[in-house]
$ cat coords.cif   # mmCIF, C-alpha atoms
data_query
loop_
_atom_site.label_atom_id
_atom_site.label_comp_id
_atom_site.auth_asym_id
_atom_site.auth_seq_id
_atom_site.Cartn_x
_atom_site.Cartn_y
_atom_site.Cartn_z
CA VAL A 1 3.50 -5.94 32.21
CA ALA A 2 1.48 -7.31 29.33
CA ASP A 3 4.12 -9.07 27.23
CA PRO A 4 2.69 -12.57 26.69
CA THR A 5 6.14 -14.16 26.42
CA LEU A 6 7.20 -12.75 29.79
CA LEU A 7 3.92 -13.89 31.35
CA VAL A 8 4.39 -17.44 29.99
CA LEU A 9 7.98 -17.57 31.31
CA ALA A 10 6.76 -16.34 34.71
CA SER A 11 3.99 -18.92 34.73
CA LEU A 12 6.41 -21.78 34.00
CA ALA A 13 8.91 -20.61 36.62
CA ASP A 14 7.28 -22.73 39.34
CA GLY A 15 6.74 -25.88 37.28
CA ASP A 16 5.54 -27.47 34.05
CA LYS A 17 2.13 -26.41 32.75
CA HIS A 18 0.00 -27.00 29.68
CA GLY A 19 -1.81 -24.22 27.82
CA TYR A 20 -5.02 -24.21 29.85
CA ALA A 21 -3.13 -24.22 33.17
CA MET A 22 -0.94 -21.36 31.96
CA THR A 23 -3.90 -19.15 31.05
CA ALA A 24 -5.57 -19.85 34.40
CA ASP A 25 -2.32 -19.13 36.27
CA ILE A 26 -1.64 -15.90 34.34
CA GLU A 27 -5.19 -14.74 34.94
CA ALA A 28 -4.71 -15.38 38.66
CA PHE A 29 -1.32 -13.66 39.17
CA ALA A 30 -1.47 -10.90 36.51
CA GLY A 31 -5.19 -10.32 36.08
CA LEU A 32 -4.83 -10.79 32.33
CA ARG A 33 -6.70 -13.31 30.24
CA LEU A 34 -4.59 -14.38 27.26
CA GLY A 35 -6.56 -15.50 24.22
CA PRO A 36 -5.68 -18.90 22.70
CA GLY A 37 -4.02 -17.32 19.65
CA THR A 38 -1.96 -14.96 21.79
CA LEU A 39 -0.89 -17.76 24.13
CA TYR A 40 0.22 -20.11 21.37
CA GLY A 41 1.93 -17.26 19.52
CA ALA A 42 4.04 -16.71 22.64
CA ILE A 43 4.66 -20.46 23.08
CA THR A 44 5.80 -20.74 19.45
CA ARG A 45 8.23 -17.84 19.80
CA LEU A 46 9.61 -19.05 23.12
CA GLU A 47 10.16 -22.58 21.83
CA GLU A 48 11.93 -21.22 18.73
CA LYS A 49 14.28 -19.24 21.00
CA GLY A 50 14.90 -22.31 23.12
CA TRP A 51 13.57 -20.71 26.31
CA ILE A 52 10.87 -23.36 26.85
CA ARG A 53 10.53 -26.95 25.65
CA PRO A 54 7.65 -29.41 25.43
CA VAL A 55 7.47 -32.25 27.92
CA ASP A 56 6.44 -35.76 26.83
CA SER A 57 2.88 -36.49 27.79
CA GLU A 58 0.20 -39.08 27.19
CA ASP A 59 -2.40 -36.34 27.23
CA ARG A 60 -3.32 -34.22 24.20
CA ARG A 61 -2.62 -31.20 26.43
CA ARG A 62 1.13 -30.96 26.16
CA PRO A 63 2.95 -29.39 29.13
CA TYR A 64 5.91 -27.02 28.70
CA ARG A 65 9.01 -26.56 30.82
CA LEU A 66 11.33 -23.59 31.32
CA THR A 67 14.87 -24.27 30.02
CA ALA A 68 18.03 -22.97 31.66
CA ASP A 69 18.27 -20.25 29.01
CA GLY A 70 14.64 -19.35 29.61
CA ARG A 71 15.23 -19.11 33.35
CA ARG A 72 18.21 -16.78 32.79
CA GLN A 73 16.13 -14.70 30.41
CA LEU A 74 13.31 -14.43 32.93
CA GLN A 75 15.79 -13.46 35.65
CA ASP A 76 17.24 -10.70 33.42
CA GLN A 77 13.80 -9.37 32.66
CA VAL A 78 12.72 -9.43 36.29
CA ASP A 79 15.93 -7.62 37.35
CA SER A 80 15.29 -5.00 34.71
CA LEU A 81 11.68 -4.57 35.79
CA ASN A 82 12.75 -4.37 39.42
CA HIS A 83 15.12 -1.55 38.57
CA VAL A 84 12.33 0.34 36.80
CA VAL A 85 9.93 -0.21 39.71
CA ARG A 86 12.47 0.90 42.34
CA THR A 87 13.30 4.03 40.32
CA ALA A 88 9.64 4.90 39.84
CA MET A 89 8.87 4.33 43.56
CA ARG A 90 11.79 6.54 44.63
CA ARG A 91 10.73 9.33 42.29
CA LEU A 92 7.12 9.12 43.43
CA LYS A 93 8.21 9.46 47.04
CA ASN A 94 10.40 12.48 46.26
CA ALA A 95 7.82 14.22 44.09
CA MET B 1 -19.28 -20.48 17.22
CA ARG B 2 -17.55 -23.88 16.85
CA ALA B 3 -17.70 -23.58 13.07
CA TRP B 4 -16.03 -20.15 13.23
CA VAL B 5 -13.34 -21.54 15.51
CA ARG B 6 -12.62 -24.33 13.01
CA LEU B 7 -12.46 -21.75 10.22
CA ALA B 8 -10.07 -19.55 12.23
CA VAL B 9 -7.81 -22.55 12.98
CA ARG B 10 -7.49 -23.12 9.23
CA LEU B 11 -5.72 -19.76 8.99
CA TYR B 12 -2.69 -21.30 10.70
CA PRO B 13 -0.06 -22.68 8.31
CA PRO B 14 -0.02 -26.47 7.83
CA ALA B 15 3.50 -26.79 9.26
CA TRP B 16 2.38 -25.06 12.44
CA ARG B 17 -0.76 -27.21 12.71
CA THR B 18 1.34 -30.36 12.31
CA ARG B 19 3.44 -29.31 15.28
CA TYR B 20 0.90 -27.61 17.58
CA GLY B 21 -2.49 -28.55 16.11
CA GLU B 22 -3.49 -31.34 18.51
CA GLU B 23 -2.62 -29.52 21.74
CA PHE B 24 -4.05 -26.25 20.37
CA GLU B 25 -7.38 -27.94 19.64
CA ALA B 26 -7.35 -29.50 23.12
CA LEU B 27 -6.96 -25.99 24.55
CA LEU B 28 -9.76 -24.64 22.36
CA GLU B 29 -12.13 -27.34 23.61
CA ASP B 30 -11.59 -26.08 27.17
CA ARG B 31 -11.01 -22.44 26.55
CA VAL B 32 -13.12 -20.72 23.85
CA ARG B 33 -15.86 -18.70 25.51
CA SER B 34 -16.47 -15.61 23.38
CA TRP B 35 -16.21 -14.03 19.95
CA GLU B 36 -13.19 -12.20 21.31
CA ASP B 37 -11.46 -15.59 21.56
CA VAL B 38 -12.42 -16.41 17.97
CA ALA B 39 -10.95 -13.09 16.80
CA ASP B 40 -7.80 -13.80 18.83
CA ILE B 41 -7.42 -17.23 17.18
CA ALA B 42 -7.88 -15.70 13.70
CA LEU B 43 -5.38 -12.91 14.37
CA GLY B 44 -2.90 -15.46 15.73
CA GLY B 45 -3.37 -17.52 12.56
CA ILE B 46 -2.62 -14.54 10.32
CA CYS B 47 0.48 -13.65 12.35
CA MET B 48 1.65 -17.26 12.25
CA ARG B 49 0.99 -17.46 8.49
CA ILE B 50 3.25 -14.42 8.01
CA ARG B 51 5.83 -15.89 10.38
CA TYR B 52 5.98 -19.18 8.51
CA THR B 53 6.17 -17.63 5.04
CA SER B 54 9.69 -17.55 3.56
CA VAL B 55 11.15 -14.32 2.20
CA PRO B 56 10.86 -15.41 -1.49
CA ALA B 57 7.28 -16.56 -0.95
CA MET B 58 6.45 -13.30 0.85
CA ALA B 59 7.99 -11.31 -2.03
CA ALA B 60 6.02 -13.34 -4.59
CA LEU B 61 2.76 -13.04 -2.63
CA LEU B 62 3.02 -9.27 -2.12
CA GLY B 63 4.31 -8.76 -5.67
CA VAL B 64 1.39 -10.60 -7.29
CA SER B 65 -1.14 -8.95 -4.94
CA ALA B 66 0.24 -5.48 -5.68
CA ALA B 67 0.34 -6.22 -9.43
CA VAL B 68 -3.32 -7.30 -9.45
CA ALA B 69 -4.39 -4.28 -7.35
CA ALA B 70 -2.40 -1.80 -9.45
CA GLY B 71 -3.62 -3.35 -12.72
CA ALA B 72 -7.24 -3.23 -11.54
CA ALA B 73 -6.87 0.40 -10.45
CA ALA B 74 -5.27 1.31 -13.80
CA ALA B 75 -8.06 -0.44 -15.71
CA GLN B 76 -10.54 1.86 -13.97
CA GLN B 77 -8.80 4.91 -15.42
CA PRO B 78 -10.29 6.29 -18.65
CA ASP B 79 -8.49 6.01 -21.98
CA ARG B 80 -6.57 9.16 -22.91
CA PHE B 81 -5.95 10.16 -26.51
CA GLU B 82 -3.50 12.81 -27.60
CA TRP B 83 -4.18 14.60 -30.86
CA THR B 84 -1.47 16.66 -32.50
CA ALA B 85 -1.46 19.05 -35.47
CA LEU B 86 1.46 20.97 -36.94
CA LEU B 87 0.96 24.46 -38.36
CA GLU B 88 3.63 25.88 -40.65
CA VAL B 89 4.75 29.48 -40.24
CA HIS B 90 4.72 31.69 -43.33
CA ALA B 91 6.06 35.25 -43.19
CA ASP B 92 6.09 38.17 -45.63
CA GLU B 93 9.80 38.79 -45.88
CA ALA B 94 9.24 42.40 -46.89
CA SER B 95 7.43 43.12 -43.67
CA ASP B 96 9.36 44.48 -40.69
CA ASP B 97 6.91 42.72 -38.42
CA ALA B 98 8.13 39.41 -39.74
CA ARG B 99 11.30 39.74 -37.66
CA GLU B 100 9.12 39.73 -34.58
CA HIS B 101 6.91 36.92 -35.80
CA PRO B 102 7.36 34.47 -32.88
CA GLN B 103 5.96 37.03 -30.41
CA LEU B 104 3.28 38.14 -32.83
CA LEU B 105 2.14 34.57 -33.33
CA LEU B 106 2.16 33.84 -29.64
CA ASP B 107 -0.10 36.86 -29.07
CA THR B 108 -2.40 35.57 -31.80
CA LEU B 109 -2.48 32.11 -30.27
CA ARG B 110 -3.21 33.61 -26.87
CA SER B 111 -6.16 35.43 -28.35
CA GLY B 112 -7.15 32.15 -30.06
CA LEU B 113 -7.42 30.54 -26.63
CA SER B 114 -9.41 33.45 -25.15
CA ALA B 115 -12.89 33.03 -23.77
CA GLY B 116 -14.45 34.64 -26.86
CA SER B 117 -12.70 32.17 -29.14
CA LEU B 118 -13.16 29.02 -27.06
CA THR B 119 -16.79 29.53 -26.09
CA PRO B 120 -18.22 28.68 -29.54
CA LEU B 121 -15.98 25.58 -29.59
CA VAL B 122 -17.24 24.45 -26.19
CA VAL B 123 -20.86 25.00 -27.19
CA ARG B 124 -20.44 23.34 -30.56
CA TYR B 125 -18.91 20.15 -29.18
CA GLY B 126 -21.09 20.02 -26.09
CA LEU B 127 -18.09 20.12 -23.74
CA HIS B 128 -20.22 21.62 -20.95
CA GLY B 129 -22.12 18.35 -20.66
CA SER B 130 -25.56 19.90 -21.42
CA PRO B 131 -25.96 20.39 -25.17
CA GLY B 132 -29.29 22.16 -24.74
CA ILE B 133 -28.01 24.74 -22.28
CA PRO B 134 -24.91 26.40 -23.64
CA GLN B 135 -23.61 27.90 -20.39
CA VAL B 136 -19.86 28.17 -20.52
CA SER B 137 -18.22 29.00 -17.23
CA GLU B 138 -14.75 30.44 -16.77
CA GLU B 139 -13.86 27.25 -14.91
CA LEU B 140 -14.80 25.12 -17.91
CA LEU B 141 -12.77 27.34 -20.22
CA ARG B 142 -9.83 26.99 -17.86
CA GLN B 143 -10.16 23.20 -18.08
CA VAL B 144 -10.28 23.31 -21.89
CA ARG B 145 -7.17 25.50 -21.93
CA GLY B 146 -5.50 23.02 -19.59
CA HIS B 147 -5.99 20.26 -22.16
CA VAL B 148 -4.67 22.26 -25.10
CA ARG B 149 -0.98 22.89 -25.57
CA VAL B 150 0.43 25.12 -28.29
CA GLN B 151 4.21 24.94 -28.60
CA PRO B 152 6.45 26.68 -31.11
CA VAL B 153 9.02 24.34 -32.64
CA LEU B 154 11.33 27.05 -33.93
CA SER B 155 13.91 24.66 -35.35
CA GLU B 156 11.29 23.23 -37.69
CA GLY B 157 9.46 26.53 -38.24
CA VAL B 158 6.15 25.12 -37.06
CA PHE B 159 3.71 25.38 -34.19
CA ARG B 160 2.51 22.17 -32.59
CA ILE B 161 -1.02 22.04 -31.23
CA SER B 162 -1.76 19.09 -29.01
CA LEU B 163 -4.83 18.16 -27.05
CA VAL B 164 -5.49 15.32 -24.62
CA ASP B 165 -9.04 14.00 -24.35
CA THR B 166 -10.73 10.87 -23.05
CA ASP B 167 -12.96 10.76 -26.12
CA ALA B 168 -11.01 9.91 -29.26
CA GLN B 169 -13.44 11.44 -31.75
CA SER B 170 -14.19 14.67 -29.90
CA GLY B 171 -10.45 15.18 -29.38
CA ARG B 172 -9.86 14.94 -33.09
CA ARG B 173 -12.72 17.35 -33.89
CA ILE B 174 -11.56 19.94 -31.35
CA THR B 175 -7.98 19.81 -32.63
CA GLU B 176 -9.15 20.21 -36.23
CA HIS B 177 -11.38 23.10 -35.16
CA LEU B 178 -8.53 24.84 -33.33
CA THR B 179 -6.25 24.34 -36.30
CA ARG B 180 -8.78 25.93 -38.65
CA GLU B 181 -9.48 28.82 -36.25
CA LEU B 182 -5.82 29.64 -35.73
CA THR B 183 -5.14 29.49 -39.45
CA ARG B 184 -8.07 31.83 -40.07
CA ALA B 185 -7.03 34.20 -37.24
CA THR B 186 -3.58 34.74 -38.76
CA GLN B 187 -4.66 35.16 -42.38
CA ALA B 188 -4.51 38.95 -42.28
CA LEU B 189 -1.19 39.10 -40.39
CA PRO B 190 2.26 39.54 -41.94
CA VAL B 191 3.09 36.14 -40.45
CA ARG B 192 0.58 33.38 -40.90
CA LEU B 193 -0.01 29.87 -39.73
CA HIS B 194 -0.83 27.44 -42.45
CA ALA B 195 -2.06 23.88 -42.23
CA GLY B 196 0.27 22.55 -44.90
CA GLN B 197 1.07 19.03 -46.01
CA GLY B 198 2.47 18.01 -42.66
CA ALA B 199 -0.33 19.58 -40.68
CA SER B 200 -2.80 16.71 -40.63
CA VAL B 201 -4.17 15.80 -37.22
CA GLU B 202 -2.53 12.70 -35.80
CA GLY B 203 -3.84 10.71 -32.87
CA ARG B 204 -2.07 8.61 -30.28
CA HIS B 205 -3.54 6.40 -27.56
CA GLN B 206 -1.60 7.93 -24.68
CA ASN B 207 -2.20 5.33 -21.97
CA ALA B 208 -2.88 2.13 -23.95
CA ASN B 209 -0.35 0.20 -21.86
CA ARG B 210 -1.48 1.53 -18.48
CA VAL B 211 -2.65 -1.84 -17.13
CA SER B 212 0.54 -3.71 -18.00
CA THR B 213 2.72 -0.78 -16.84
CA ALA B 214 0.90 -0.47 -13.52
CA GLY B 215 0.97 -4.26 -13.10
CA ALA B 216 4.73 -4.39 -13.69
CA LEU B 217 5.34 -1.52 -11.26
CA GLY B 218 3.06 -3.19 -8.70
CA LEU B 219 4.89 -6.51 -9.12
CA GLY B 220 8.29 -4.92 -8.63
CA GLY B 221 7.20 -2.67 -5.77
CA GLY B 222 5.31 -5.44 -3.99
CA ALA B 223 8.22 -7.87 -4.33
CA LEU B 224 10.61 -5.25 -2.95
CA VAL B 225 8.31 -4.55 0.01
CA GLY B 226 8.04 -8.32 0.57
CA VAL B 227 11.82 -8.75 0.69
CA LEU B 228 12.24 -5.76 3.03
CA PHE B 229 9.39 -6.98 5.22
CA GLY B 230 10.91 -10.46 5.35
CA PHE B 231 14.25 -9.16 6.56
CA ALA B 232 12.64 -6.70 8.99
CA ARG B 233 10.57 -9.57 10.42
CA ARG B 234 13.73 -11.55 11.18
CA ARG B 235 15.11 -8.64 13.15
CA LEU B 236 11.82 -7.97 14.97
CA ARG B 237 11.78 -11.55 16.26
CA ARG B 238 14.60 -10.57 18.56
CA THR B 239 12.43 -8.54 20.90
CA TRP B 240 14.63 -9.39 23.86
CA PRO B 241 18.42 -9.55 24.11
CA GLU B 242 20.00 -12.99 24.30
CA PRO B 243 20.43 -14.28 27.88
CA SER B 244 23.55 -12.96 29.58
CA SER B 245 26.11 -15.56 30.60
CA THR B 246 26.78 -13.84 33.95
CA SER B 247 23.26 -14.14 35.30
CA ASN B 248 22.43 -16.76 37.84
CA GLY B 249 20.58 -19.78 36.50
#

$ encode --input "coords.cif" --output "structure tokens"
Amino acid sequence: VADPTLLVLASLADGDKHGYAMTADIEAFAGLRLGPGTLYGAITRLEEKGWIRPVDSEDRRRPYRLTADGRRQLQDQVDSLNHVVRTAMRRLKNA
Amino acid sequence: MRAWVRLAVRLYPPAWRTRYGEEFEALLEDRVRSWEDVADIALGGICMRIRYTSVPAMAALLGVSAAVAAGAAAAQQPDRFEWTALLEVHADEASDDAREHPQLLLDTLRSGLSAGSLTPLVVRYGLHGSPGIPQVSEELLRQVRGHVRVQPVLSEGVFRISLVDTDAQSGRRITEHLTRELTRATQALPVRLHAGQGASVEGRHQNANRVSTAGALGLGGGALVGVLFGFARRRLRRTWPEPSSTSNG
């Protein structure tokens, strides 16, 4: 799973985060280090789709929040991935 | 490295920098550790520049770029001049062979383009590239034949000799030479070729408009690619399906 948009959605699933916190979180749970350009490319696309939104902040580091649409989208993707994983596991056992 | 980061950030479109610039720079202050990060920022800037370019602007950008590239490539091509001479056909009406004169003339022309006939021409005009060493290979003769076309124009009763060369003057000389040789070769035949009034050698700059033609084709092609790319980009943005209404929130 290396889609930056999915990783950002997963990172925001447990609370608001700014860019630096997202990269640290993604590195911790996925073992992937997103570059700044890749991260903000994903943030731009997700905000355009309405799946995340910026949160008001005094800090220059602006946090982002998952929207209801974004949460549904993440759920759909996770369900789909789960199906793939279960199928692959079953086939590996039977092989 | 900081200077390169600032340069890479400039690749992002102004509209994007207005919206994300401050928080992006805050991230870069904490985050940039390697040249890999700099490359990632630059690549992101190029992608974002494409993303923020409208379809008409994309068409104009690609059209102008393609026009300049095609025009520059065409300008590198050498000039090509086509020289043409017309030889009139004269036949002895009393001769039986005259009825067969098209085939007879074609055989004569074929012999006129043989190695024995072309070699002196190649040596004389230095077509082998080394005037002091007149070595004429079969390959070179094949190339010379490839540049010479002899076509019967039966409706007008003439043969047209045409030659394409990158050198205007040598093209004219070779065409004149061929015209003389073919006239001489048919003198003793019942049908003869004659360089009459209308047989003067005429030249034409074959690719004088190559830069403007290539530029126009590049402009049109580039603009078309830009429009197609713009519409394809809109579709590619939808990498995921829209959220389903039945899923739990």

$ closest_atom_pairs --input "coords.cif" --of "chain A" --to "chain B" --cutoff "6 Å" --atoms "all atoms listed in the file" --output "Markdown table"
| residue | atom | partner | partner_atom | distance |
| --- | --- | --- | --- | --- |
| A:Tyr20 | CA | B:Leu27 | CA | 5.9 |
| A:Gly35 | CA | B:Asp37 | CA | 5.6 |
| A:Gly37 | CA | B:Ile41 | CA | 4.2 |
| A:Arg60 | CA | B:Glu23 | CA | 5.4 |
| A:Arg61 | CA | B:Glu23 | CA | 5.0 |
| A:Arg62 | CA | B:Glu23 | CA | 6.0 |
| A:Arg72 | CA | B:Gly249 | CA | 5.3 |
| A:Gln73 | CA | B:Pro243 | CA | 5.0 |

$ residues_around --input "coords.cif" --residues "Leu7 of chain A" --least-positions-apart "2" --cutoff "10 Å" --atoms "all atoms listed in the file" --output "VMD selection string"
chain A and resid 1 to 5 9 to 13 22 to 23 25 to 27 29 to 30 32 34 39 42 74

$ atom_distance --input "coords.cif" --atom1 "atom CA of Pro36 of chain A" --atom2 "atom CA of Val8 of chain A"
12.5 Å

$ resolve_selection --input "coords.cif" --expression "the PyMOL selection byres ((chain B and resi 62) around 9)" --output "PyMOL selection string"
chain B and resi 57-61+63-67+218-219+221-226

$ atom_distance --input "coords.cif" --atom1 "atom CA of Arg210 of chain B" --atom2 "atom CA of Asp167 of chain B"
16.6 Å

$ atom_distance --input "coords.cif" --atom1 "atom CA of Thr67 of chain A" --atom2 "atom CA of Ser80 of chain A"
19.8 Å

$ residues_near_point --input "coords.cif" --point "(-11.9, 5.8, -20.0)" --cutoff "12 Å" --atoms "all atoms listed in the file" --output "VMD selection string"
chain B and resid 74 to 81 165 to 168 205 to 208 210

$ write_last_selection --input "coords.cif" --atoms "C-alpha atoms" --output "mmCIF file, in the frame of the given file"
data_model
loop_
_atom_site.group_PDB
_atom_site.id
_atom_site.type_symbol
_atom_site.label_atom_id
_atom_site.label_comp_id
_atom_site.auth_asym_id
_atom_site.auth_seq_id
_atom_site.Cartn_x
_atom_site.Cartn_y
_atom_site.Cartn_z
ATOM 1 C CA ALA B 74 -5.270 1.310 -13.800
ATOM 2 C CA ALA B 75 -8.060 -0.440 -15.710
ATOM 3 C CA GLN B 76 -10.540 1.860 -13.970
ATOM 4 C CA GLN B 77 -8.800 4.910 -15.420
ATOM 5 C CA PRO B 78 -10.290 6.290 -18.650
ATOM 6 C CA ASP B 79 -8.490 6.010 -21.980
ATOM 7 C CA ARG B 80 -6.570 9.160 -22.910
ATOM 8 C CA PHE B 81 -5.950 10.160 -26.510
ATOM 9 C CA ASP B 165 -9.040 14.000 -24.350
ATOM 10 C CA THR B 166 -10.730 10.870 -23.050
ATOM 11 C CA ASP B 167 -12.960 10.760 -26.120
ATOM 12 C CA ALA B 168 -11.010 9.910 -29.260
ATOM 13 C CA HIS B 205 -3.540 6.400 -27.560
ATOM 14 C CA GLN B 206 -1.600 7.930 -24.680
ATOM 15 C CA ASN B 207 -2.200 5.330 -21.970
ATOM 16 C CA ALA B 208 -2.880 2.130 -23.950
ATOM 17 C CA ARG B 210 -1.480 1.530 -18.480
#

$ resolve_selection --input "coords.cif" --expression "the PyMOL selection byres ((chain A and resi 51) around 6)" --output "list in words"
Leu46, Glu47, Lys49, Gly50, Ile52, Thr67, Asp69 and Gly70 of chain A

$ residues_around --input "coords.cif" --residues "Asp56 of chain A" --least-positions-apart "3" --cutoff "12 Å" --atoms "all atoms listed in the file" --output "list in words"
Asp16, Lys17, His18, Arg53, Asp59, Arg60, Arg61, Arg62, Pro63, Tyr64 and Arg65 of chain A

$ resolve_selection --input "coords.cif" --expression "the PyMOL selection byres ((chain B and resi 149) around 9)" --output "list in words"
Arg145, Gly146, His147, Val148, Val150, Gln151, Arg160, Ile161, Ser162, Leu163 and Val164 of chain B

$ write_last_selection --input "coords.cif" --atoms "C-alpha atoms" --output "mmCIF file, in the frame of the given file"
data_model
loop_
_atom_site.group_PDB
_atom_site.id
_atom_site.type_symbol
_atom_site.label_atom_id
_atom_site.label_comp_id
_atom_site.auth_asym_id
_atom_site.auth_seq_id
_atom_site.Cartn_x
_atom_site.Cartn_y
_atom_site.Cartn_z
ATOM 1 C CA ARG B 145 -7.170 25.500 -21.930
ATOM 2 C CA GLY B 146 -5.500 23.020 -19.590
ATOM 3 C CA HIS B 147 -5.990 20.260 -22.160
ATOM 4 C CA VAL B 148 -4.670 22.260 -25.100
ATOM 5 C CA VAL B 150 0.430 25.120 -28.290
ATOM 6 C CA GLN B 151 4.210 24.940 -28.600
ATOM 7 C CA ARG B 160 2.510 22.170 -32.590
ATOM 8 C CA ILE B 161 -1.020 22.040 -31.230
ATOM 9 C CA SER B 162 -1.760 19.090 -29.010
ATOM 10 C CA LEU B 163 -4.830 18.160 -27.050
ATOM 11 C CA VAL B 164 -5.490 15.320 -24.620
#
